[in-house]
Amino acid sequence: MQYREFGRTGWKVSASSFGAWAIGGTWGEVDDNESLAALHRAIDLGVNFIDTADVYGDGRSERLIAQLKKDRGEEIIVATKAGRRLNPHVADGYNRQNLTAFVDRSLKNLDTDAIDLLQLHCPSPEVYYRPEVFGILDDLVQAGKICYYGVSVEKVEEAIKAIEYPNVQSIQIIFNIFRQRPADLFFKIAQEKQVGILARVPLSSGMLTGKMKSSSQFEADDHRTFNRQGESFDKGETFSGVDYDLSLQAVEEIRALVPEGWTMAQFALRWILMFEAVCCVIPGAKNTSQAEDNAMAADLPPLPDETMAVVEKIYERMIKDQVHHLW
């Protein structure tokens with residue numbers, strides 16, 4: 001496993017880490033025993049960073065991670081998120097009472113005294129212009145309830161605004177072959193400020209595994225069924241906001257670039273890790289084989305410049321007009 005510096009925290013995190021959304025919910029049926037097996041296999045392979053949120057299965061994901069930590073002796077860094085429990089999800093909800101309650105609930109779910117990294121969970125744009133919200137987070141650090149904090153964002157502009165606050169240690173942002181805009185400007189600014197970057201939705205909701213077809217069906221409780229047009233949350237969270245059939249066409253062009261012996265998922269993850277500003281990718285895994293596939297991507301050799309150039313051309317020709325200006 002390759003490890004990378006995580007901003008100014010002093011942590012060295014596994015380049016391919018574990019995203020725990022899928023083991024919580026809204027990705028179809030999951031089995032807790034299989035989820036725990038996937039988590040254990042990831043740790044076996046050197047993963048030391050797990051990303052979750054309080055709304056993933058209404059705490060289910062956090063509680064599974066607590067069980068994992070009880071079973072393992074290794075140091076495991078856990079990042080969770082807060083804010084999406086608000087209903088309605090509005091800026092005024094990001095107040096001291098609510099944020100403290102969310103943190104206390106996650107502390108209980110994770111069975112820990114302090115949260116390693118707390119991230120605001122894609123807050124509404126107005127939150128980024130409320131310094132008092134970040135002051136509350138500073139107070140939670142002082143109280144010993146969280147060690148560090150960051151923000152999970154939807155848009156590049158939000159990421160740039162968030163890191164104006166001096167104690168924001170990390171930004172979680174969608175970055176993958178189908179969502180390349182963060183590399184244009186934001187990565188450079190983040191590196192200058194030594195802010196850690198977590199690349200989320202790295203496989204474009206599974207599209208970049210190369211396993212999907214036009215006839216693929218998803219369960220009713222899978223966001224890939226009910227959120228393709230942003231009906232429940234931001235459209236860009238599902239298949240990166242790219243039309244399903246167009247994504248399938250682009251995948252077929254990318255497939256020709258995948259080296260022999262690699263899976264397409266590994267290719268997509270290794271592409272992300274070619275960008276040194278990225279601290280880690282956080283693909284999800286619902287079983288041990290997926291966990292193995294993801295973890296091993298970090299040890300694959302670098303992609304040739306020629307391959308990177310072809311991927312960029314596919315993006316510019318097929319995908320860019322759909323997403324680049326929106327996120």
# chains A, B, ... in the order shown; residues from 1 in each chain; ligands from 1
call {"tool": "closest_atom_pairs", "arguments": {"of": "segment 136-249 of chain A", "to": "segment 54-78 of chain A", "cutoff": "12 Å", "atoms": "only C-alpha atoms", "output": "tab-separated table"}}
result
residue	atom	partner	partner_atom	distance
A:Ile146	CA	A:Val78	CA	11.0
A:Cys147	CA	A:Val78	CA	10.7
A:Tyr148	CA	A:Val78	CA	11.0
A:Tyr149	CA	A:Val78	CA	11.7
A:Asp221	CA	A:Gly57	CA	11.3
call {"tool": "write_last_selection", "arguments": {"atoms": "C-alpha atoms", "output": "tab-separated table (two decimals), in the first residue's frame"}}
result
chain	number	residue	atom	x	y	z
A	146	ILE	CA	-13.00	16.34	17.28
A	147	CYS	CA	-9.33	16.34	16.32
A	148	TYR	CA	-9.59	18.07	12.95
A	149	TYR	CA	-12.31	19.27	10.61
A	221	ASP	CA	-33.57	1.84	-2.42
call {"tool": "residues_around", "arguments": {"residues": "Met207 of chain A", "least_positions_apart": "4", "cutoff": "9 Å", "atoms": "only C-alpha atoms", "output": "JSON, numbers by chain"}}
result
{"A": [203, 211, 212, 239, 244, 247, 248, 251, 265]}
call {"tool": "atom_distance", "arguments": {"atom1": "atom CA of Pro125 of chain A", "atom2": "atom CA of Trp27 of chain A"}}
result
26.6 Å
call {"tool": "residues_around", "arguments": {"residues": "Met318 of chain A", "least_positions_apart": "6", "cutoff": "10 Å", "atoms": "only C-alpha atoms", "output": "list in words"}}
result
Phe178, Val242, Leu246, Ser247, Gln249 and Ala250 of chain A
call {"tool": "atom_distance", "arguments": {"atom1": "atom CA of Ala183 of chain A", "atom2": "atom CA of Gly241 of chain A"}}
result
17.7 Å
call {"tool": "closest_residue", "arguments": {"among": "A:Arg200, A:Arg317, A:Lys81, A:Lys145", "to": "Gly236 of chain A", "atoms": "only C-alpha atoms"}}
result
A:Arg200
call {"tool": "closest_residue", "arguments": {"among": "A:Ser240, A:Ser215, A:Thr288, A:Thr209", "to": "Val258 of chain A", "atoms": "only C-alpha atoms"}}
result
A:Thr209
call {"tool": "residues_around", "arguments": {"residues": "His324 of chain A", "least_positions_apart": "2", "cutoff": "10 Å", "atoms": "only C-alpha atoms", "output": "PyMOL selection string"}}
result
chain A and resi 178-182+315-316+319-322+326-327
call {"tool": "closest_atom_pairs", "arguments": {"of": "segment 34-130 of chain A", "to": "segment 3-6 of chain A", "cutoff": "12 Å", "atoms": "only C-alpha atoms", "output": "CSV"}}
result
residue,atom,partner,partner_atom,distance
A:Gly46,CA,A:Tyr3,CA,9.1
A:Val47,CA,A:Tyr3,CA,9.1
A:Asn48,CA,A:Tyr3,CA,9.2
A:Phe49,CA,A:Tyr3,CA,10.3
A:Ile77,CA,A:Phe6,CA,11.1
A:Leu117,CA,A:Phe6,CA,11.2
call {"tool": "closest_residue", "arguments": {"among": "A:Thr307, A:Glu237, A:Thr100, A:Lys108", "to": "Glu154 of chain A", "atoms": "only C-alpha atoms"}}
result
A:Glu237
call {"tool": "atom_distance", "arguments": {"atom1": "atom CA of Ile282 of chain A", "atom2": "atom CA of Phe18 of chain A"}}
result
4.9 Å
call {"tool": "residues_around", "arguments": {"residues": "Ile272 of chain A", "least_positions_apart": "6", "cutoff": "9 Å", "atoms": "only C-alpha atoms", "output": "PDB file with C-alpha atoms, in the first residue's frame"}}
result
ATOM      1  CA  PHE A 175     -13.005  13.776  -8.740  1.00  0.00           C
ATOM      2  CA  ASN A 176     -12.846  11.034 -11.316  1.00  0.00           C
ATOM      3  CA  ILE A 177     -12.382  10.453 -15.034  1.00  0.00           C
ATOM      4  CA  ALA A 199     -11.475  12.087  -3.963  1.00  0.00           C
ATOM      5  CA  PRO A 202     -14.063   7.820  -7.726  1.00  0.00           C
ATOM      6  CA  VAL A 278      -4.990  13.862  -3.962  1.00  0.00           C
ATOM      7  CA  CYS A 280      -6.555   9.329  -1.076  1.00  0.00           C
ATOM      8  CA  VAL A 281      -9.422   7.904  -3.082  1.00  0.00           C
TER       9      VAL A 281
END
call {"tool": "residues_around", "arguments": {"residues": "Gly93 of chain A", "least_positions_apart": "4", "cutoff": "12 Å", "atoms": "only C-alpha atoms", "output": "mmCIF file with N, CA and C atoms, in the first residue's frame"}}
result
data_model
loop_
_atom_site.group_PDB
_atom_site.id
_atom_site.type_symbol
_atom_site.label_atom_id
_atom_site.label_comp_id
_atom_site.auth_asym_id
_atom_site.auth_seq_id
_atom_site.Cartn_x
_atom_site.Cartn_y
_atom_site.Cartn_z
ATOM 1 N N ALA A 82 -21.238 15.576 9.163
ATOM 2 C CA ALA A 82 -22.403 16.059 9.895
ATOM 3 C C ALA A 82 -23.093 17.157 9.109
ATOM 4 N N GLY A 83 -24.406 17.213 9.223
ATOM 5 C CA GLY A 83 -25.184 18.275 8.594
ATOM 6 C C GLY A 83 -26.367 17.777 7.807
ATOM 7 N N ARG A 84 -26.241 16.616 7.206
ATOM 8 C CA ARG A 84 -27.315 16.111 6.354
ATOM 9 C C ARG A 84 -28.489 15.541 7.140
ATOM 10 N N ARG A 85 -28.376 15.490 8.450
ATOM 11 C CA ARG A 85 -29.534 15.079 9.253
ATOM 12 C C ARG A 85 -30.556 16.211 9.363
ATOM 13 N N LEU A 86 -30.139 17.407 8.989
ATOM 14 C CA LEU A 86 -31.046 18.546 9.056
ATOM 15 C C LEU A 86 -32.215 18.384 8.078
ATOM 16 N N ASN A 87 -33.395 18.716 8.548
ATOM 17 C CA ASN A 87 -34.582 18.689 7.685
ATOM 18 C C ASN A 87 -35.490 19.842 8.092
ATOM 19 N N PRO A 88 -35.495 20.920 7.313
ATOM 20 C CA PRO A 88 -34.828 21.074 6.012
ATOM 21 C C PRO A 88 -33.319 21.311 6.167
ATOM 22 N N HIS A 89 -32.610 20.951 5.102
ATOM 23 C CA HIS A 89 -31.152 21.114 5.104
ATOM 24 C C HIS A 89 -30.832 22.541 4.669
ATOM 25 N N GLN A 97 -26.067 24.256 18.638
ATOM 26 C CA GLN A 97 -26.861 23.181 19.231
ATOM 27 C C GLN A 97 -26.901 21.950 18.323
ATOM 28 N N ASN A 98 -27.182 22.166 17.036
ATOM 29 C CA ASN A 98 -27.300 21.031 16.114
ATOM 30 C C ASN A 98 -25.962 20.349 15.859
ATOM 31 N N LEU A 99 -24.930 21.146 15.605
ATOM 32 C CA LEU A 99 -23.632 20.542 15.316
ATOM 33 C C LEU A 99 -23.104 19.760 16.521
ATOM 34 N N THR A 100 -23.304 20.293 17.703
ATOM 35 C CA THR A 100 -22.870 19.580 18.900
ATOM 36 C C THR A 100 -23.640 18.273 19.064
ATOM 37 N N ALA A 101 -24.942 18.310 18.801
ATOM 38 C CA ALA A 101 -25.763 17.101 18.907
ATOM 39 C C ALA A 101 -25.336 16.055 17.880
ATOM 40 N N PHE A 102 -25.041 16.507 16.656
ATOM 41 C CA PHE A 102 -24.603 15.567 15.621
ATOM 42 C C PHE A 102 -23.279 14.908 16.011
ATOM 43 N N LEU A 120 -18.145 18.870 7.419
ATOM 44 C CA LEU A 120 -19.471 19.365 7.101
ATOM 45 C C LEU A 120 -19.921 18.653 5.829
ATOM 46 N N PRO A 123 -22.741 21.277 2.824
ATOM 47 C CA PRO A 123 -23.674 22.302 3.308
ATOM 48 C C PRO A 123 -24.145 23.212 2.186
ATOM 49 N N SER A 124 -25.236 23.915 2.446
ATOM 50 C CA SER A 124 -25.742 24.863 1.469
ATOM 51 C C SER A 124 -24.721 25.983 1.280
ATOM 52 N N GLU A 126 -24.605 29.098 1.457
ATOM 53 C CA GLU A 126 -24.562 30.203 2.408
ATOM 54 C C GLU A 126 -23.654 29.900 3.602
ATOM 55 N N VAL A 127 -23.511 28.629 3.953
ATOM 56 C CA VAL A 127 -22.709 28.254 5.119
ATOM 57 C C VAL A 127 -21.262 28.702 4.968
ATOM 58 N N ARG A 130 -20.419 32.036 6.509
ATOM 59 C CA ARG A 130 -20.754 32.227 7.909
ATOM 60 C C ARG A 130 -19.562 31.798 8.771
ATOM 61 N N VAL A 133 -19.895 29.454 11.861
ATOM 62 C CA VAL A 133 -20.005 27.994 11.759
ATOM 63 C C VAL A 133 -18.635 27.356 11.990
#
call {"tool": "closest_atom_pairs", "arguments": {"of": "segment 122-203 of chain A", "to": "segment 10-13 of chain A", "cutoff": "12 Å", "atoms": "only C-alpha atoms", "output": "Markdown table"}}
result
| residue | atom | partner | partner_atom | distance |
| --- | --- | --- | --- | --- |
| A:Cys147 | CA | A:Trp11 | CA | 11.7 |
| A:Tyr148 | CA | A:Gly10 | CA | 11.2 |
| A:Gln169 | CA | A:Gly10 | CA | 10.8 |
| A:Ser170 | CA | A:Trp11 | CA | 11.9 |
| A:Gln194 | CA | A:Gly10 | CA | 10.9 |
| A:Val195 | CA | A:Gly10 | CA | 11.5 |
| A:Gly196 | CA | A:Trp11 | CA | 10.1 |
| A:Ile197 | CA | A:Val13 | CA | 11.2 |
| A:Leu198 | CA | A:Val13 | CA | 10.5 |
call {"tool": "write_last_selection", "arguments": {"atoms": "N, CA and C atoms", "output": "mmCIF file, in the first residue's frame"}}
result
data_model
loop_
_atom_site.group_PDB
_atom_site.id
_atom_site.type_symbol
_atom_site.label_atom_id
_atom_site.label_comp_id
_atom_site.auth_asym_id
_atom_site.auth_seq_id
_atom_site.Cartn_x
_atom_site.Cartn_y
_atom_site.Cartn_z
ATOM 1 N N CYS A 147 -10.758 16.014 16.448
ATOM 2 C CA CYS A 147 -9.332 16.338 16.319
ATOM 3 C C CYS A 147 -9.094 17.367 15.232
ATOM 4 N N TYR A 148 -9.722 17.158 14.088
ATOM 5 C CA TYR A 148 -9.595 18.068 12.954
ATOM 6 C C TYR A 148 -10.945 18.155 12.255
ATOM 7 N N GLN A 169 -8.877 21.550 7.400
ATOM 8 C CA GLN A 169 -7.736 20.683 7.107
ATOM 9 C C GLN A 169 -7.910 19.867 5.837
ATOM 10 N N SER A 170 -9.152 19.701 5.384
ATOM 11 C CA SER A 170 -9.376 18.807 4.247
ATOM 12 C C SER A 170 -10.613 19.211 3.456
ATOM 13 N N GLN A 194 -1.608 23.436 1.862
ATOM 14 C CA GLN A 194 -1.422 22.139 2.524
ATOM 15 C C GLN A 194 -2.741 21.596 3.082
ATOM 16 N N VAL A 195 -3.730 21.577 2.215
ATOM 17 C CA VAL A 195 -5.044 21.037 2.556
ATOM 18 C C VAL A 195 -5.171 19.644 1.958
ATOM 19 N N GLY A 196 -5.608 18.685 2.760
ATOM 20 C CA GLY A 196 -5.792 17.328 2.272
ATOM 21 C C GLY A 196 -6.989 17.209 1.347
ATOM 22 N N ILE A 197 -6.863 16.403 0.312
ATOM 23 C CA ILE A 197 -7.964 16.194 -0.636
ATOM 24 C C ILE A 197 -8.364 14.729 -0.646
ATOM 25 N N LEU A 198 -9.660 14.489 -0.406
ATOM 26 C CA LEU A 198 -10.243 13.164 -0.527
ATOM 27 C C LEU A 198 -11.064 13.139 -1.811
#
call {"tool": "select_by_dssp", "arguments": {"residues": "segment 3-113 of chain A", "states": "strand (DSSP E)", "output": "PyMOL selection string"}}
result
chain A and resi 3-5+12-14+18-19+49-51+77-82
call {"tool": "write_last_selection", "arguments": {"atoms": "N, CA and C atoms", "output": "tab-separated table (two decimals), in the first residue's frame"}}
result
chain	number	residue	atom	x	y	z
A	3	TYR	N	1.25	5.25	0.88
A	3	TYR	CA	0.69	6.18	1.86
A	3	TYR	C	1.07	7.61	1.47
A	4	ARG	N	0.18	8.54	1.77
A	4	ARG	CA	0.39	9.93	1.41
A	4	ARG	C	0.12	10.83	2.61
A	5	GLU	N	0.84	11.96	2.64
A	5	GLU	CA	0.63	12.95	3.69
A	5	GLU	C	-0.79	13.52	3.55
A	12	LYS	N	-0.36	9.96	7.76
A	12	LYS	CA	-0.06	9.34	6.47
A	12	LYS	C	-1.16	8.33	6.22
A	13	VAL	N	-1.95	8.57	5.17
A	13	VAL	CA	-3.13	7.75	4.93
A	13	VAL	C	-2.93	6.90	3.68
A	14	SER	N	-3.58	5.76	3.68
A	14	SER	CA	-3.51	4.85	2.53
A	14	SER	C	-4.08	5.54	1.30
A	18	PHE	N	-11.13	3.61	2.19
A	18	PHE	CA	-12.42	2.92	2.18
A	18	PHE	C	-13.54	3.92	2.37
A	19	GLY	N	-14.42	4.02	1.39
A	19	GLY	CA	-15.62	4.83	1.50
A	19	GLY	C	-16.77	3.98	2.00
A	49	PHE	N	-7.56	4.34	6.56
A	49	PHE	CA	-8.44	5.51	6.58
A	49	PHE	C	-9.80	5.10	6.05
A	50	ILE	N	-10.84	5.43	6.80
A	50	ILE	CA	-12.22	5.11	6.43
A	50	ILE	C	-13.05	6.38	6.49
A	51	ASP	N	-13.84	6.60	5.47
A	51	ASP	CA	-14.72	7.76	5.41
A	51	ASP	C	-16.17	7.31	5.53
A	77	ILE	N	-7.78	5.56	11.06
A	77	ILE	CA	-8.28	6.93	11.09
A	77	ILE	C	-9.68	6.94	10.49
A	78	VAL	N	-10.63	7.54	11.21
A	78	VAL	CA	-12.02	7.56	10.76
A	78	VAL	C	-12.49	9.00	10.57
A	79	ALA	N	-12.99	9.26	9.38
A	79	ALA	CA	-13.60	10.55	9.08
A	79	ALA	C	-15.10	10.35	8.97
A	80	THR	N	-15.87	11.22	9.62
A	80	THR	CA	-17.31	11.17	9.44
A	80	THR	C	-17.81	12.56	9.05
A	81	LYS	N	-19.11	12.67	8.86
A	81	LYS	CA	-19.67	13.94	8.37
A	81	LYS	C	-20.91	14.29	9.17
A	82	ALA	N	-21.24	15.58	9.16
A	82	ALA	CA	-22.40	16.06	9.90
A	82	ALA	C	-23.09	17.16	9.11
call {"tool": "closest_residue", "arguments": {"among": "A:Glu157, A:Asp245, A:Ser204, A:Ile189", "to": "Ser216 of chain A", "atoms": "only C-alpha atoms"}}
result
A:Asp245
